[in-house]
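K.L.:
Below are the structure tokens for one structure; questions will follow.
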Amino acid sequence: MSKSIEELRKISNEMRADILKMIYYGTSGHPGGSLSSIDILSVLFFNKIKRTQENALDPDRHRFILSKGHGVPALYAVLNRCGLIPTEELWTLRKIGSRLQGHPDRVILPYVEASTGSLGQGLSIAQGMALAAKIDNKNYKVYCMVGDGEIQEGQIWESLRSSPKFKLDNLIVILDYNKGQIDGPTNEVLNLEPLKDKLIAFNWDVQEIDGHDFEQIQKALDNADSLNGKPHFIIANTIKGKGVSFMEGVIDWHGKAPNKEQLDKALEELNKIN
């Protein structure tokens, strides 16, 4: 059953707390991009993919590829809420022997669709899955989340050029456009703009939304159900570190763990939202 906007908003903030606790206990990780993407993943997993224990390994399931693999704490948080990862296992993030490594590992955790984190490769994997579905006359969709620093990679642009050739309208790419990467603001490292114009020129169906507005996220994903012969690209404008005042828009929180004082302050803020 799909969740209401209010339910999604509440769950997303609870998962933000889970993300921060995971990274705190793991003593390393990437809070900025995990917090910026969690609202999108909430809508996607609960209202579109509708992942459950029963369909998690179904051959005809909808697929999700987290190409920006360093944002995996957000994916683990969602899989926990879908009943696929026990809550106590979340606190083993990045520990030796844990299934929850700093980047998704398909071998040890089959509920993730691919081992990703070598940036640029996830979209190629997603494109291959979408093409396989077409060849096999399957109806499943393939969703792929990419990061803005990631799409500076040349391999991304090879996929962006070739997906329209194969009319992969079952492929939906979502950009977590939080405007920051480890080396600084994306527009200073290697500017992507005018991104929407480039994608349209490549013959993609393109939507641009507020990636923290649940209504807009839902509408964009619904629009991407259209089988119009074009692959779909959703530019989701987000805020790095969303939900925690001292993390929002701060590049330094791309890849470091909070200390106890910072964790407590962040959790206090999130509790007030709920």
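Chain labels run A, B, ... following the order of the structure tokens; each chain numbers its residues from 1, and ligands are numbered from 1 in the order shown.
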So that I can see what lies close to Leu263 of chain A, please list as a list in words the residues with an atom at most 8 Å from it, counting only C-alpha atoms and leaving out residues fewer than 6 positions away in the same chain.

P.N.:
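The residues that qualify are Leu20, Lys21 and Tyr24 of chain A.
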
K.L.:
Print the selection's residues with C-alpha atoms to a file, as an mmCIF file, in the first residue's frame.

P.N.:
```
data_model
loop_
_atom_site.group_PDB
_atom_site.id
_atom_site.type_symbol
_atom_site.label_atom_id
_atom_site.label_comp_id
_atom_site.auth_asym_id
_atom_site.auth_seq_id
_atom_site.Cartn_x
_atom_site.Cartn_y
_atom_site.Cartn_z
ATOM 1 C CA LEU A 20 23.522 9.695 11.150
ATOM 2 C CA LYS A 21 23.646 6.983 13.794
ATOM 3 C CA TYR A 24 28.543 7.725 13.835
#
```

K.L.:
Can you build me a table of segment 60-107 of chain A residues sitting at most 12 Å from segment 234-255 of chain A, with the closest atom pair per residue and its distance in Å to one decimal, using only C-alpha atoms, sorted by chain and residue number, as a Markdown table?

P.N.:
```
| residue | atom | partner | partner_atom | distance |
| --- | --- | --- | --- | --- |
| A:His70 | CA | A:Gly255 | CA | 8.7 |
| A:Gly71 | CA | A:Gly255 | CA | 9.6 |
| A:Pro73 | CA | A:Gly255 | CA | 11.8 |
| A:Ala74 | CA | A:Gly241 | CA | 11.9 |
| A:Gly102 | CA | A:Gly255 | CA | 10.9 |
```

K.L.:
I want to know what sits within 10 Å of Cys82 of chain A, based on only C-alpha atoms, with residues of the same chain fewer than 4 positions away left out; could you give that as a PyMOL selection string?

P.N.:
chain A and resi 45-46+50-53+56+76-78+86

K.L.:
Those residues with C-alpha atoms, as a PDB file, in the first residue's frame please?

P.N.:
```pdb
ATOM      1  CA  PHE A  45      10.739   2.481  -2.559  1.00  0.00           C
ATOM      2  CA  PHE A  46       7.408   2.852  -0.776  1.00  0.00           C
ATOM      3  CA  LYS A  50       7.052  -1.033  -3.320  1.00  0.00           C
ATOM      4  CA  ARG A  51       9.826  -3.297  -2.111  1.00  0.00           C
ATOM      5  CA  THR A  52       8.854  -6.048   0.321  1.00  0.00           C
ATOM      6  CA  GLN A  53      10.376  -9.279   1.583  1.00  0.00           C
ATOM      7  CA  ALA A  56      12.823  -8.427  -3.127  1.00  0.00           C
ATOM      8  CA  TYR A  76      20.334   0.690   3.938  1.00  0.00           C
ATOM      9  CA  ALA A  77      17.918   2.856   5.944  1.00  0.00           C
ATOM     10  CA  VAL A  78      15.176   2.319   3.349  1.00  0.00           C
ATOM     11  CA  PRO A  86      17.261  -5.776  10.833  1.00  0.00           C
TER      12      PRO A  86
END
```

K.L.:
Using only C-alpha atoms, find the one residue out of A:Asp197, A:Asp136, A:Asp58, A:Glu268 that sits nearest to Glu113 of chain A.

P.N.:
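Ranked by minimum distance to Glu113 of chain A, first place goes to A:Asp58.
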
K.L.:
Report the distance between atom CA of Leu195 of chain A and atom CA of His62 of chain A in Å, rounded to one decimal place.

P.N.:
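Between atom CA of Leu195 of chain A and atom CA of His62 of chain A the gap works out to 26.9 Å.
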
K.L.:
Quick one: residues within 9 Å of Ala17 of chain A, only C-alpha atoms counted, chain neighbours fewer than 6 positions away excluded, as a list in words?

P.N.:
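Listing them by chain and then by number gives Leu263, Ala266, Leu267, Leu270 and Asn271 of chain A.
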
K.L.:
Kindly save the residues from that selection, with C-alpha atoms included, as an mmCIF file, in the first residue's frame.

P.N.:
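This is the output file result.cif:
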```
data_model
loop_
_atom_site.group_PDB
_atom_site.id
_atom_site.type_symbol
_atom_site.label_atom_id
_atom_site.label_comp_id
_atom_site.auth_asym_id
_atom_site.auth_seq_id
_atom_site.Cartn_x
_atom_site.Cartn_y
_atom_site.Cartn_z
ATOM 1 C CA LEU A 263 25.153 13.570 16.567
ATOM 2 C CA ALA A 266 21.442 16.648 14.833
ATOM 3 C CA LEU A 267 19.087 14.119 16.435
ATOM 4 C CA LEU A 270 15.281 15.932 13.664
ATOM 5 C CA ASN A 271 13.131 15.034 16.674
#
```

K.L.:
Taking into account only C-alpha atoms, which residue in the set A:Asn228, A:Gly69, A:Glu7, A:Gln155 is nearest to Val112 of chain A?

P.N.:
A:Gly69

K.L.:
Apply DSSP to the structure's backbone, then extract all residues of segment 21-160 of chain A labelled strand (DSSP E or B) and return them as a PDB file with N, CA and C atoms, in the first residue's frame.

P.N.:
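Result written to states.pdb:
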```
ATOM      1  N   ARG A  63      13.910  -2.692 -10.579  1.00  0.00           N
ATOM      2  CA  ARG A  63      15.292  -2.611 -10.092  1.00  0.00           C
ATOM      3  C   ARG A  63      15.649  -1.188  -9.677  1.00  0.00           C
ATOM      4  N   PHE A  64      16.563  -1.080  -8.698  1.00  0.00           N
ATOM      5  CA  PHE A  64      17.135   0.216  -8.333  1.00  0.00           C
ATOM      6  C   PHE A  64      18.638   0.091  -8.226  1.00  0.00           C
ATOM      7  N   ILE A  65      19.347   0.940  -8.963  1.00  0.00           N
ATOM      8  CA  ILE A  65      20.807   0.975  -8.926  1.00  0.00           C
ATOM      9  C   ILE A  65      21.244   2.284  -8.276  1.00  0.00           C
ATOM     10  N   LEU A  66      21.974   2.190  -7.179  1.00  0.00           N
ATOM     11  CA  LEU A  66      22.552   3.376  -6.552  1.00  0.00           C
ATOM     12  C   LEU A  66      23.935   3.585  -7.143  1.00  0.00           C
ATOM     13  N   VAL A 142      13.754   0.086 -14.488  1.00  0.00           N
ATOM     14  CA  VAL A 142      15.058   0.203 -13.846  1.00  0.00           C
ATOM     15  C   VAL A 142      15.267   1.655 -13.457  1.00  0.00           C
ATOM     16  N   TYR A 143      15.397   1.876 -12.157  1.00  0.00           N
ATOM     17  CA  TYR A 143      15.649   3.213 -11.618  1.00  0.00           C
ATOM     18  C   TYR A 143      17.127   3.314 -11.243  1.00  0.00           C
ATOM     19  N   CYS A 144      17.730   4.448 -11.545  1.00  0.00           N
ATOM     20  CA  CYS A 144      19.150   4.627 -11.254  1.00  0.00           C
ATOM     21  C   CYS A 144      19.365   6.021 -10.673  1.00  0.00           C
ATOM     22  N   MET A 145      19.965   6.087  -9.487  1.00  0.00           N
ATOM     23  CA  MET A 145      20.304   7.380  -8.902  1.00  0.00           C
ATOM     24  C   MET A 145      21.782   7.675  -9.126  1.00  0.00           C
ATOM     25  N   VAL A 146      22.053   8.848  -9.674  1.00  0.00           N
ATOM     26  CA  VAL A 146      23.420   9.296  -9.903  1.00  0.00           C
ATOM     27  C   VAL A 146      23.671  10.565  -9.100  1.00  0.00           C
ATOM     28  N   GLY A 147      24.940  10.851  -8.851  1.00  0.00           N
ATOM     29  CA  GLY A 147      25.327  12.077  -8.160  1.00  0.00           C
ATOM     30  C   GLY A 147      25.821  13.118  -9.138  1.00  0.00           C
TER      31      GLY A 147
END
```

K.L.:
For each of A:Leu93, A:Leu221, A:Ile11, A:Val173, take the minimum atom-to-atom distance to Ser28 of chain A, counting only C-alpha atoms, then give the residue where this is smallest.

P.N.:
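Counting only C-alpha atoms, the residue closest to Ser28 of chain A is A:Leu93.
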